[in-house]
Amino acid sequence: MEEISREYYLAHSGQKATAELQPIYARHAAILGPDALELTLEMFRGAPEGSEEQRSARLLLDWQTESQSSRQLAPLDEREIAWEGSAIVRLDDGREIEYETMSIEMANGTDRNERHAMEAARAKLVEQELAPLRRERFQRERDITEQLGLASNYNATFELLSGVSLEALKAECEQFLRDTQAMWNEVLPEFSKRILGADAKDLTRADALALFRAREFDEFFQPNEMESSIRKQVHEMGIDPLASGRITLDTGDRPGKRSRAFCSPVRVPREVYLVLRPHGGQTDWNTFLHELGHALHFAYMRPDLPFEYRWLGDNSITEGYAMLFDHLMESPRWLKRYTELTAAALPKFIRSSGFEELHFLRRYAAKLIYEIDLYGGNVPWDSLPDLYVDVMTSATSFRYNRADAFVDVDPRYYAVRYLRAWQLQALITETLVERYDEDWWRNPRAGPWVCAALFGEGQRELAHEQAQRVAGKPLSFAPLVRAVERMLG
Ligand SMILES: [Zn+2]
């Protein structure tokens, strides 16, 4: 796991052209072979219902199952990583742009026609080169998983191994989309007009990038103050932001570095990397906070926890802590203290954050609904691109592109982790406010509690179990809807 994590870190941070995963799988074949899978399956089936032994065995079996496809998909993944690190988009006017920076370029561009030309060139390249690779990846992953015979199909296998009901979450997502439709219809035209000067009826996903780039607040989020301000805040809540050197921050620009920031736990909890390619402005602040939440979680896990609780488990937990930190930018008092945002700009900024939050929630709810069909096997592969465009476009009002039907998918239901993390984050924030007041984020008693009661536990619990232990409430979209209403109010 350490070797794989280090390979991904080096490749995605632009320090290596591609990740060499196959030699690692070859070297450690026995750990992820059929015997190991058989052993964890026996442990899982033999463990008493509800026991700690069963909890451990479920996580190990989930890992072994996932590894069966990861190992066999390694050559495809290597090709995909190499492609992403080197692909060039050629525009009609002859310009050449690094594929990885396209989203940054489109978000920063102010000319709408130019943006649409860039998007067309990007989509063409993706359709020809990346989409077939990704489609094959998902087809093979589904086949490999179903051939293991743990449950009747891919989705039932996911439910067995994750302890999460897809149908229940899908129903919540559909309800959420209905409940917030009127609110969305009301705010989108206002922002579209004001920021893009465009009618809400003919927006595309490329326009969404520019819309949420929210350049109007950039002056309040200086790049050179980001790290020091946020580190100061973490200090004030009683946590060492670098965890005595266990966390390394890699936040400079480097060719080949992925545009999407990430956190690599190479040895948990001793060696954790936070990698961010600067885009500029408030986006970087948000992303840095998010990844710092992950980094702190990994670096403050109790070192004596068994392997499965440090490395495996319900990623809704770590995403929940990441969101606990990135949602600090929804707090007016936090913004006043750590950013340059003026009192005059604050209400507008909060309203804009509410708009963005609502969009991302609706996008992820729709992604889950689509991905259940992608993995479900009832929709033919050739019909998925049209379904993708329908589902995503109707939830977000932005016209999506068929080219992205297999590219804009987080493998293995990562959307489930994000959605539950969102819900968990809202409950943890409520708990922190009750225990340590509105400004818990600068209360020196809050950090030690967060480290002991939350980070320290690794990922032993499922998100809904943690919600009950910490907040005494079930996970739901209700607190998120209330927060969005408050911000847009
Ligand atoms: Zn994350």
# chains A, B, ... in the order shown; residues from 1 in each chain; ligands from 1
call {"tool": "residues_around", "arguments": {"residues": "A:Pro269", "least_positions_apart": "6", "cutoff": "7 Å", "atoms": "only C-alpha atoms", "output": "list in words"}}
result
Phe298, Ala299, Tyr300, Met301 and Pro303 of chain A
call {"tool": "write_last_selection", "arguments": {"atoms": "N, CA and C atoms", "output": "PDB file, in the first residue's frame"}}
result
ATOM      1  N   PHE A 298      -5.004  11.824   8.475  1.00  0.00           N
ATOM      2  CA  PHE A 298      -4.028  10.730   8.339  1.00  0.00           C
ATOM      3  C   PHE A 298      -2.885  10.870   9.345  1.00  0.00           C
ATOM      4  N   ALA A 299      -2.414  12.110   9.536  1.00  0.00           N
ATOM      5  CA  ALA A 299      -1.229  12.311  10.369  1.00  0.00           C
ATOM      6  C   ALA A 299      -1.526  12.174  11.858  1.00  0.00           C
ATOM      7  N   TYR A 300      -2.794  12.309  12.243  1.00  0.00           N
ATOM      8  CA  TYR A 300      -3.137  12.203  13.665  1.00  0.00           C
ATOM      9  C   TYR A 300      -3.871  10.903  14.001  1.00  0.00           C
ATOM     10  N   MET A 301      -3.891   9.940  13.061  1.00  0.00           N
ATOM     11  CA  MET A 301      -4.448   8.632  13.403  1.00  0.00           C
ATOM     12  C   MET A 301      -3.557   7.972  14.458  1.00  0.00           C
ATOM     13  N   PRO A 303      -1.184   5.520  15.900  1.00  0.00           N
ATOM     14  CA  PRO A 303      -0.305   4.603  15.167  1.00  0.00           C
ATOM     15  C   PRO A 303      -0.542   3.138  15.536  1.00  0.00           C
TER      16      PRO A 303
END
call {"tool": "residues_near_ligand", "arguments": {"ligand": "ligand 1", "cutoff": "9 Å", "atoms": "only C-alpha atoms and all ligand atoms", "output": "mmCIF file with C-alpha atoms, in the first residue's frame"}}
result
data_model
loop_
_atom_site.group_PDB
_atom_site.id
_atom_site.type_symbol
_atom_site.label_atom_id
_atom_site.label_comp_id
_atom_site.auth_asym_id
_atom_site.auth_seq_id
_atom_site.Cartn_x
_atom_site.Cartn_y
_atom_site.Cartn_z
ATOM 1 C CA ALA A 261 -5.342 18.730 -5.622
ATOM 2 C CA PHE A 262 -4.860 15.608 -3.523
ATOM 3 C CA CYS A 263 -3.490 14.234 -0.303
ATOM 4 C CA THR A 287 -8.901 23.275 -1.860
ATOM 5 C CA HIS A 290 -10.019 20.447 2.096
ATOM 6 C CA GLU A 291 -6.740 18.638 1.566
ATOM 7 C CA GLY A 293 -8.437 18.144 6.580
ATOM 8 C CA HIS A 294 -7.364 14.858 4.954
ATOM 9 C CA ASN A 315 -13.812 7.212 3.022
ATOM 10 C CA THR A 318 -11.874 11.302 5.749
ATOM 11 C CA GLU A 319 -13.925 13.264 3.183
ATOM 12 C CA GLY A 320 -16.098 14.457 6.075
ATOM 13 C CA TYR A 321 -13.057 15.907 7.877
ATOM 14 C CA ALA A 322 -11.826 17.457 4.620
ATOM 15 C CA MET A 323 -15.235 19.112 4.234
ATOM 16 C CA TYR A 418 -18.701 12.532 -0.854
#
call {"tool": "residues_around", "arguments": {"residues": "stretch 333-346 of chain A", "least_positions_apart": "3", "cutoff": "10 Å", "atoms": "only C-alpha atoms", "output": "list in words"}}
result
Glu216, Phe217, Asp218, Glu219, Phe220, Phe221, Gln222, Glu225, Met226, Ser228, Ser229, Ile230, Lys232, Gln233, Gln282, Trp285, Leu328, Met329, Glu330, Phe349, Ile350, Arg351, Ser352, Glu438, Asp439, Trp440, Trp441 and Arg442 of chain A
call {"tool": "write_last_selection", "arguments": {"atoms": "N, CA and C atoms", "output": "mmCIF file, in the first residue's frame"}}
result
data_model
loop_
_atom_site.group_PDB
_atom_site.id
_atom_site.type_symbol
_atom_site.label_atom_id
_atom_site.label_comp_id
_atom_site.auth_asym_id
_atom_site.auth_seq_id
_atom_site.Cartn_x
_atom_site.Cartn_y
_atom_site.Cartn_z
ATOM 1 N N GLU A 216 -14.543 37.534 -8.740
ATOM 2 C CA GLU A 216 -14.825 38.833 -8.108
ATOM 3 C C GLU A 216 -14.300 38.933 -6.674
ATOM 4 N N PHE A 217 -14.005 37.800 -6.033
ATOM 5 C CA PHE A 217 -13.522 37.869 -4.651
ATOM 6 C C PHE A 217 -12.021 37.592 -4.523
ATOM 7 N N ASP A 218 -11.350 37.385 -5.654
ATOM 8 C CA ASP A 218 -9.952 36.952 -5.583
ATOM 9 C C ASP A 218 -9.044 37.892 -4.799
ATOM 10 N N GLU A 219 -9.327 39.188 -4.897
ATOM 11 C CA GLU A 219 -8.444 40.142 -4.208
ATOM 12 C C GLU A 219 -8.424 39.928 -2.693
ATOM 13 N N PHE A 220 -9.474 39.272 -2.186
ATOM 14 C CA PHE A 220 -9.534 39.042 -0.737
ATOM 15 C C PHE A 220 -8.820 37.749 -0.326
ATOM 16 N N PHE A 221 -8.387 36.986 -1.340
ATOM 17 C CA PHE A 221 -7.747 35.697 -1.059
ATOM 18 C C PHE A 221 -6.373 35.658 -1.714
ATOM 19 N N GLN A 222 -5.419 36.297 -1.058
ATOM 20 C CA GLN A 222 -4.085 36.429 -1.621
ATOM 21 C C GLN A 222 -3.333 35.102 -1.582
ATOM 22 N N GLU A 225 -0.681 34.613 1.152
ATOM 23 C CA GLU A 225 -1.093 34.568 2.562
ATOM 24 C C GLU A 225 -1.841 33.286 2.903
ATOM 25 N N MET A 226 -2.159 32.511 1.893
ATOM 26 C CA MET A 226 -3.000 31.338 2.110
ATOM 27 C C MET A 226 -2.426 30.383 3.159
ATOM 28 N N SER A 228 0.041 30.683 5.343
ATOM 29 C CA SER A 228 0.312 31.188 6.691
ATOM 30 C C SER A 228 -0.979 31.455 7.456
ATOM 31 N N SER A 229 -2.012 31.997 6.790
ATOM 32 C CA SER A 229 -3.278 32.268 7.481
ATOM 33 C C SER A 229 -3.929 30.983 7.972
ATOM 34 N N ILE A 230 -3.950 29.995 7.115
ATOM 35 C CA ILE A 230 -4.637 28.749 7.476
ATOM 36 C C ILE A 230 -3.838 27.975 8.520
ATOM 37 N N LYS A 232 -2.034 29.361 10.744
ATOM 38 C CA LYS A 232 -2.263 30.102 11.992
ATOM 39 C C LYS A 232 -3.571 29.641 12.642
ATOM 40 N N GLN A 233 -4.610 29.514 11.799
ATOM 41 C CA GLN A 233 -5.911 29.103 12.333
ATOM 42 C C GLN A 233 -5.835 27.706 12.978
ATOM 43 N N GLN A 282 -9.706 32.354 -4.500
ATOM 44 C CA GLN A 282 -10.398 31.667 -3.405
ATOM 45 C C GLN A 282 -10.444 30.146 -3.592
ATOM 46 N N TRP A 285 -7.745 28.483 -1.723
ATOM 47 C CA TRP A 285 -7.970 28.471 -0.271
ATOM 48 C C TRP A 285 -8.885 27.311 0.103
ATOM 49 N N LEU A 328 -15.240 25.800 6.481
ATOM 50 C CA LEU A 328 -14.938 26.966 7.324
ATOM 51 C C LEU A 328 -15.140 28.247 6.524
ATOM 52 N N MET A 329 -14.992 28.147 5.202
ATOM 53 C CA MET A 329 -15.171 29.337 4.362
ATOM 54 C C MET A 329 -16.636 29.734 4.212
ATOM 55 N N GLU A 330 -17.535 29.017 4.889
ATOM 56 C CA GLU A 330 -18.935 29.447 4.952
ATOM 57 C C GLU A 330 -19.202 30.218 6.241
ATOM 58 N N PHE A 349 -20.370 37.496 -0.656
ATOM 59 C CA PHE A 349 -19.532 36.298 -0.712
ATOM 60 C C PHE A 349 -20.280 35.091 -0.152
ATOM 61 N N ILE A 350 -20.967 35.271 0.964
ATOM 62 C CA ILE A 350 -21.707 34.161 1.585
ATOM 63 C C ILE A 350 -22.814 33.675 0.638
ATOM 64 N N ARG A 351 -23.493 34.617 0.005
ATOM 65 C CA ARG A 351 -24.561 34.246 -0.925
ATOM 66 C C ARG A 351 -23.988 33.453 -2.113
ATOM 67 N N SER A 352 -22.850 33.896 -2.584
ATOM 68 C CA SER A 352 -22.188 33.217 -3.673
ATOM 69 C C SER A 352 -21.753 31.800 -3.248
ATOM 70 N N GLU A 438 -19.421 29.030 18.631
ATOM 71 C CA GLU A 438 -19.460 29.429 17.230
ATOM 72 C C GLU A 438 -18.049 29.453 16.603
ATOM 73 N N ASP A 439 -17.069 29.914 17.376
ATOM 74 C CA ASP A 439 -15.703 30.001 16.823
ATOM 75 C C ASP A 439 -14.824 28.866 17.359
ATOM 76 N N TRP A 440 -15.361 27.656 17.266
ATOM 77 C CA TRP A 440 -14.611 26.461 17.714
ATOM 78 C C TRP A 440 -13.267 26.340 17.015
ATOM 79 N N TRP A 441 -13.182 26.864 15.805
ATOM 80 C CA TRP A 441 -11.972 26.750 15.004
ATOM 81 C C TRP A 441 -10.803 27.582 15.550
ATOM 82 N N ARG A 442 -11.051 28.395 16.596
ATOM 83 C CA ARG A 442 -9.902 29.061 17.239
ATOM 84 C C ARG A 442 -9.904 28.825 18.743
#
call {"tool": "select_by_dssp", "arguments": {"residues": "stretch 162-257 of chain A", "states": "strand (DSSP E or B)", "output": "number ranges by chain"}}
result
A: 204, 247-250
call {"tool": "write_last_selection", "arguments": {"atoms": "C-alpha atoms", "output": "CSV table (one decimal), in the first residue's frame"}}
result
chain,number,residue,atom,x,y,z
A,204,THR,CA,-22.7,24.6,-20.7
A,247,ILE,CA,2.9,16.4,6.9
A,248,THR,CA,4.7,17.8,3.8
A,249,LEU,CA,3.1,20.7,1.9
A,250,ASP,CA,3.7,20.6,-1.9
call {"tool": "closest_residue", "arguments": {"among": "A:Ala208, A:Ala120, A:Ala29, A:Val389", "to": "A:Leu196", "atoms": "only C-alpha atoms"}}
result
A:Ala208
call {"tool": "residues_around", "arguments": {"residues": "A:Ala478", "least_positions_apart": "4", "cutoff": "12 Å", "atoms": "only C-alpha atoms", "output": "list in words"}}
result
Glu172, Cys173, Gln175, Phe176, Asp179, Thr180, Trp422, Gln423, Leu424, Ala426, Leu427, Lys473, Pro474, Arg482, Ala483, Val484 and Glu485 of chain A
call {"tool": "closest_atom_pairs", "arguments": {"of": "stretch 6-97 of chain A", "to": "stretch 142-154 of chain A", "cutoff": "12 Å", "atoms": "only C-alpha atoms", "output": "Markdown table"}}
result
| residue | atom | partner | partner_atom | distance |
| --- | --- | --- | --- | --- |
| A:Pro34 | CA | A:Leu148 | CA | 10.0 |
| A:Leu37 | CA | A:Leu148 | CA | 9.6 |
| A:Glu38 | CA | A:Leu148 | CA | 10.2 |
| A:Thr40 | CA | A:Leu150 | CA | 11.9 |
| A:Leu41 | CA | A:Leu150 | CA | 8.8 |
| A:Glu42 | CA | A:Leu150 | CA | 11.7 |
| A:Phe44 | CA | A:Leu150 | CA | 11.3 |
| A:Arg45 | CA | A:Leu150 | CA | 10.8 |
| A:Leu61 | CA | A:Leu150 | CA | 10.1 |
| A:Asp62 | CA | A:Leu150 | CA | 10.6 |
| A:Trp63 | CA | A:Thr145 | CA | 12.0 |
| A:Gln64 | CA | A:Thr145 | CA | 10.7 |
| A:Thr65 | CA | A:Thr145 | CA | 7.0 |
| A:Glu66 | CA | A:Thr145 | CA | 7.8 |
| A:Ser67 | CA | A:Thr145 | CA | 9.9 |
| A:Gln68 | CA | A:Ile144 | CA | 7.3 |
| A:Ser69 | CA | A:Ile144 | CA | 6.0 |
| A:Ser70 | CA | A:Ile144 | CA | 9.8 |
| A:Arg71 | CA | A:Ile144 | CA | 10.6 |
| A:Gln72 | CA | A:Ile144 | CA | 8.5 |
| A:Leu73 | CA | A:Ile144 | CA | 9.6 |
call {"tool": "write_last_selection", "arguments": {"atoms": "C-alpha atoms", "output": "CSV table (one decimal), in the first residue's frame"}}
result
chain,number,residue,atom,x,y,z
A,34,PRO,CA,-6.8,-15.5,-4.7
A,37,LEU,CA,-9.2,-13.1,-1.0
A,38,GLU,CA,-10.4,-16.6,0.1
A,40,THR,CA,-10.6,-12.7,4.2
A,41,LEU,CA,-13.9,-14.1,2.8
A,42,GLU,CA,-13.7,-17.0,5.3
A,44,PHE,CA,-15.9,-12.4,7.1
A,45,ARG,CA,-18.4,-15.3,6.8
A,61,LEU,CA,-12.5,-8.3,2.2
A,62,ASP,CA,-13.5,-5.0,0.6
A,63,TRP,CA,-9.8,-4.2,0.1
A,64,GLN,CA,-9.1,-7.7,-1.4
A,65,THR,CA,-12.1,-7.4,-3.7
A,66,GLU,CA,-11.0,-4.0,-4.9
A,67,SER,CA,-7.5,-5.2,-5.4
A,68,GLN,CA,-8.6,-8.0,-7.7
A,69,SER,CA,-9.7,-5.4,-10.2
A,70,SER,CA,-7.0,-2.8,-9.3
A,71,ARG,CA,-4.3,-5.4,-10.1
A,72,GLN,CA,-5.9,-6.5,-13.4
A,73,LEU,CA,-6.6,-2.9,-14.4
call {"tool": "residues_around", "arguments": {"residues": "stretch 126-128 of chain A", "least_positions_apart": "2", "cutoff": "10 Å", "atoms": "only C-alpha atoms", "output": "JSON, numbers by chain"}}
result
{"A": [87, 89, 99, 120, 121, 122, 123, 124, 130, 131, 132, 133, 401, 402, 403, 404, 405, 406, 407]}
call {"tool": "write_last_selection", "arguments": {"atoms": "C-alpha atoms", "output": "PDB file, in the first residue's frame"}}
result
ATOM      1  CA  ALA A  87      -1.933  14.969 -23.552  1.00  0.00           C
ATOM      2  CA  VAL A  89      -5.273  19.898 -26.685  1.00  0.00           C
ATOM      3  CA  TYR A  99      -4.757  18.823 -21.131  1.00  0.00           C
ATOM      4  CA  ALA A 120     -15.101  21.660 -28.123  1.00  0.00           C
ATOM      5  CA  ALA A 121     -11.409  20.910 -28.709  1.00  0.00           C
ATOM      6  CA  ARG A 122     -11.104  19.269 -25.289  1.00  0.00           C
ATOM      7  CA  ALA A 123     -14.229  17.135 -25.789  1.00  0.00           C
ATOM      8  CA  LYS A 124     -13.044  15.974 -29.217  1.00  0.00           C
ATOM      9  CA  LEU A 130      -9.520   9.007 -23.072  1.00  0.00           C
ATOM     10  CA  ALA A 131     -13.172   7.927 -23.181  1.00  0.00           C
ATOM     11  CA  PRO A 132     -12.476   4.495 -24.789  1.00  0.00           C
ATOM     12  CA  LEU A 133      -9.821   3.741 -22.156  1.00  0.00           C
ATOM     13  CA  ASN A 401     -20.909  16.641 -22.911  1.00  0.00           C
ATOM     14  CA  ARG A 402     -21.291  12.997 -24.032  1.00  0.00           C
ATOM     15  CA  ALA A 403     -17.496  12.729 -24.152  1.00  0.00           C
ATOM     16  CA  ASP A 404     -17.351  12.824 -20.350  1.00  0.00           C
ATOM     17  CA  ALA A 405     -19.766   9.959 -19.608  1.00  0.00           C
ATOM     18  CA  PHE A 406     -16.914   7.634 -18.572  1.00  0.00           C
ATOM     19  CA  VAL A 407     -14.423  10.350 -17.620  1.00  0.00           C
TER      20      VAL A 407
END
call {"tool": "closest_residue", "arguments": {"among": "A:Ile4, A:Leu60, A:Leu488, A:Ala107", "to": "A:Gly280", "atoms": "only C-alpha atoms"}}
result
A:Ala107
call {"tool": "residues_around", "arguments": {"residues": "A:Gly376", "least_positions_apart": "6", "cutoff": "12 Å", "atoms": "only C-alpha atoms", "output": "PDB file with C-alpha atoms, in the first residue's frame"}}
result
ATOM      1  CA  PHE A 138     -15.417   0.325 -16.082  1.00  0.00           C
ATOM      2  CA  GLN A 139     -16.541  -2.653 -18.161  1.00  0.00           C
ATOM      3  CA  ARG A 142     -17.685  -4.643 -13.323  1.00  0.00           C
ATOM      4  CA  ASP A 143     -16.900  -8.039 -14.895  1.00  0.00           C
ATOM      5  CA  GLU A 146     -19.125  -9.833 -10.534  1.00  0.00           C
ATOM      6  CA  SER A 152     -25.655 -11.117  -7.259  1.00  0.00           C
ATOM      7  CA  ASN A 153     -24.087  -8.160  -9.138  1.00  0.00           C
ATOM      8  CA  TYR A 154     -21.709  -5.184  -8.838  1.00  0.00           C
ATOM      9  CA  ASN A 155     -24.112  -2.988  -6.896  1.00  0.00           C
ATOM     10  CA  ALA A 156     -25.064  -5.713  -4.422  1.00  0.00           C
ATOM     11  CA  THR A 157     -21.344  -6.428  -3.900  1.00  0.00           C
ATOM     12  CA  PHE A 158     -20.727  -2.768  -3.144  1.00  0.00           C
ATOM     13  CA  LEU A 166     -27.345   2.513  -2.640  1.00  0.00           C
ATOM     14  CA  GLU A 167     -31.110   2.476  -3.112  1.00  0.00           C
ATOM     15  CA  LEU A 368     -24.753   9.101  -7.944  1.00  0.00           C
ATOM     16  CA  ILE A 369     -28.054   8.530  -9.727  1.00  0.00           C
ATOM     17  CA  TYR A 370     -26.199   8.142 -13.052  1.00  0.00           C
ATOM     18  CA  LEU A 384     -24.833   5.612 -21.138  1.00  0.00           C
ATOM     19  CA  ARG A 412     -16.158   2.561  -7.090  1.00  0.00           C
ATOM     20  CA  TYR A 413     -18.875   4.920  -5.980  1.00  0.00           C
TER      21      TYR A 413
END
call {"tool": "residues_around", "arguments": {"residues": "A:Arg260", "least_positions_apart": "6", "cutoff": "12 Å", "atoms": "only C-alpha atoms", "output": "NGL selection string"}}
result
:A and (12-13 or 84 or 100-104 or 251 or 274-279 or 283-284 or 287-288 or 290-291)
call {"tool": "closest_residue", "arguments": {"among": "A:Leu169, A:Phe355, A:Met43, A:Glu3", "to": "A:Leu475", "atoms": "only C-alpha atoms"}}
result
A:Leu169
call {"tool": "select_by_dssp", "arguments": {"residues": "stretch 303-343 of chain A", "states": "alpha helix (DSSP H)", "output": "ChimeraX atom specification"}}
result
/A:307-311,315-326,332-338
call {"tool": "atom_distance", "arguments": {"atom1": "atom CA of A:Leu305", "atom2": "atom CA of A:Leu21"}}
result
26.7 Å
call {"tool": "atom_distance", "arguments": {"atom1": "atom CA of A:Arg445", "atom2": "atom CA of A:Ala471"}}
result
18.1 Å
call {"tool": "closest_residue", "arguments": {"among": "A:Leu324, A:Gly458, A:Gly85, A:Glu159", "to": "A:Glu430", "atoms": "only C-alpha atoms"}}
result
A:Leu324
call {"tool": "decode", "arguments": {"residues": "stretch 282-336 of chain A", "atoms": "C-alpha atoms", "output": "PDB file, in the first residue's frame"}}
result
ATOM      1  CA  GLN A 282     -10.398  31.667  -3.405  1.00  0.00           C
ATOM      2  CA  THR A 283     -10.465  28.224  -5.116  1.00  0.00           C
ATOM      3  CA  ASP A 284      -6.990  27.509  -3.810  1.00  0.00           C
ATOM      4  CA  TRP A 285      -7.970  28.471  -0.271  1.00  0.00           C
ATOM      5  CA  ASN A 286     -10.925  26.137  -0.414  1.00  0.00           C
ATOM      6  CA  THR A 287      -8.901  23.275  -1.860  1.00  0.00           C
ATOM      7  CA  PHE A 288      -6.040  23.771   0.568  1.00  0.00           C
ATOM      8  CA  LEU A 289      -8.441  23.608   3.524  1.00  0.00           C
ATOM      9  CA  HIS A 290     -10.019  20.447   2.096  1.00  0.00           C
ATOM     10  CA  GLU A 291      -6.740  18.638   1.566  1.00  0.00           C
ATOM     11  CA  LEU A 292      -5.437  19.817   4.921  1.00  0.00           C
ATOM     12  CA  GLY A 293      -8.437  18.144   6.580  1.00  0.00           C
ATOM     13  CA  HIS A 294      -7.364  14.858   4.954  1.00  0.00           C
ATOM     14  CA  ALA A 295      -3.711  15.377   5.833  1.00  0.00           C
ATOM     15  CA  LEU A 296      -4.481  16.096   9.496  1.00  0.00           C
ATOM     16  CA  HIS A 297      -6.745  13.054   9.667  1.00  0.00           C
ATOM     17  CA  PHE A 298      -4.028  10.730   8.339  1.00  0.00           C
ATOM     18  CA  ALA A 299      -1.229  12.311  10.369  1.00  0.00           C
ATOM     19  CA  TYR A 300      -3.137  12.203  13.665  1.00  0.00           C
ATOM     20  CA  MET A 301      -4.448   8.632  13.403  1.00  0.00           C
ATOM     21  CA  ARG A 302      -3.378   6.513  16.368  1.00  0.00           C
ATOM     22  CA  PRO A 303      -0.305   4.603  15.167  1.00  0.00           C
ATOM     23  CA  ASP A 304      -1.388   1.492  17.089  1.00  0.00           C
ATOM     24  CA  LEU A 305      -4.634   1.093  15.143  1.00  0.00           C
ATOM     25  CA  PRO A 306      -4.661  -2.056  13.010  1.00  0.00           C
ATOM     26  CA  PHE A 307      -3.775  -1.668   9.341  1.00  0.00           C
ATOM     27  CA  GLU A 308      -7.399  -1.826   8.140  1.00  0.00           C
ATOM     28  CA  TYR A 309      -8.528   1.082  10.335  1.00  0.00           C
ATOM     29  CA  ARG A 310      -5.657   3.327   9.180  1.00  0.00           C
ATOM     30  CA  TRP A 311      -5.617   2.451   5.466  1.00  0.00           C
ATOM     31  CA  LEU A 312      -9.069   1.176   4.613  1.00  0.00           C
ATOM     32  CA  GLY A 313     -12.636   1.836   5.715  1.00  0.00           C
ATOM     33  CA  ASP A 314     -15.401   4.263   4.831  1.00  0.00           C
ATOM     34  CA  ASN A 315     -13.812   7.212   3.022  1.00  0.00           C
ATOM     35  CA  SER A 316     -16.886   9.266   3.930  1.00  0.00           C
ATOM     36  CA  ILE A 317     -15.029   9.750   7.209  1.00  0.00           C
ATOM     37  CA  THR A 318     -11.874  11.302   5.749  1.00  0.00           C
ATOM     38  CA  GLU A 319     -13.925  13.264   3.183  1.00  0.00           C
ATOM     39  CA  GLY A 320     -16.098  14.457   6.075  1.00  0.00           C
ATOM     40  CA  TYR A 321     -13.057  15.907   7.877  1.00  0.00           C
ATOM     41  CA  ALA A 322     -11.826  17.457   4.620  1.00  0.00           C
ATOM     42  CA  MET A 323     -15.235  19.112   4.234  1.00  0.00           C
ATOM     43  CA  LEU A 324     -15.273  20.139   7.896  1.00  0.00           C
ATOM     44  CA  PHE A 325     -12.244  22.275   7.023  1.00  0.00           C
ATOM     45  CA  ASP A 326     -13.302  23.530   3.577  1.00  0.00           C
ATOM     46  CA  HIS A 327     -16.705  24.534   4.985  1.00  0.00           C
ATOM     47  CA  LEU A 328     -14.938  26.966   7.324  1.00  0.00           C
ATOM     48  CA  MET A 329     -15.171  29.337   4.362  1.00  0.00           C
ATOM     49  CA  GLU A 330     -18.935  29.447   4.952  1.00  0.00           C
ATOM     50  CA  SER A 331     -18.372  31.010   8.376  1.00  0.00           C
ATOM     51  CA  PRO A 332     -18.507  34.830   8.361  1.00  0.00           C
ATOM     52  CA  ARG A 333     -16.443  35.033  11.557  1.00  0.00           C
ATOM     53  CA  TRP A 334     -13.748  32.740  10.163  1.00  0.00           C
ATOM     54  CA  LEU A 335     -13.596  34.797   6.954  1.00  0.00           C
ATOM     55  CA  LYS A 336     -13.263  38.044   8.880  1.00  0.00           C
TER      56      LYS A 336
END
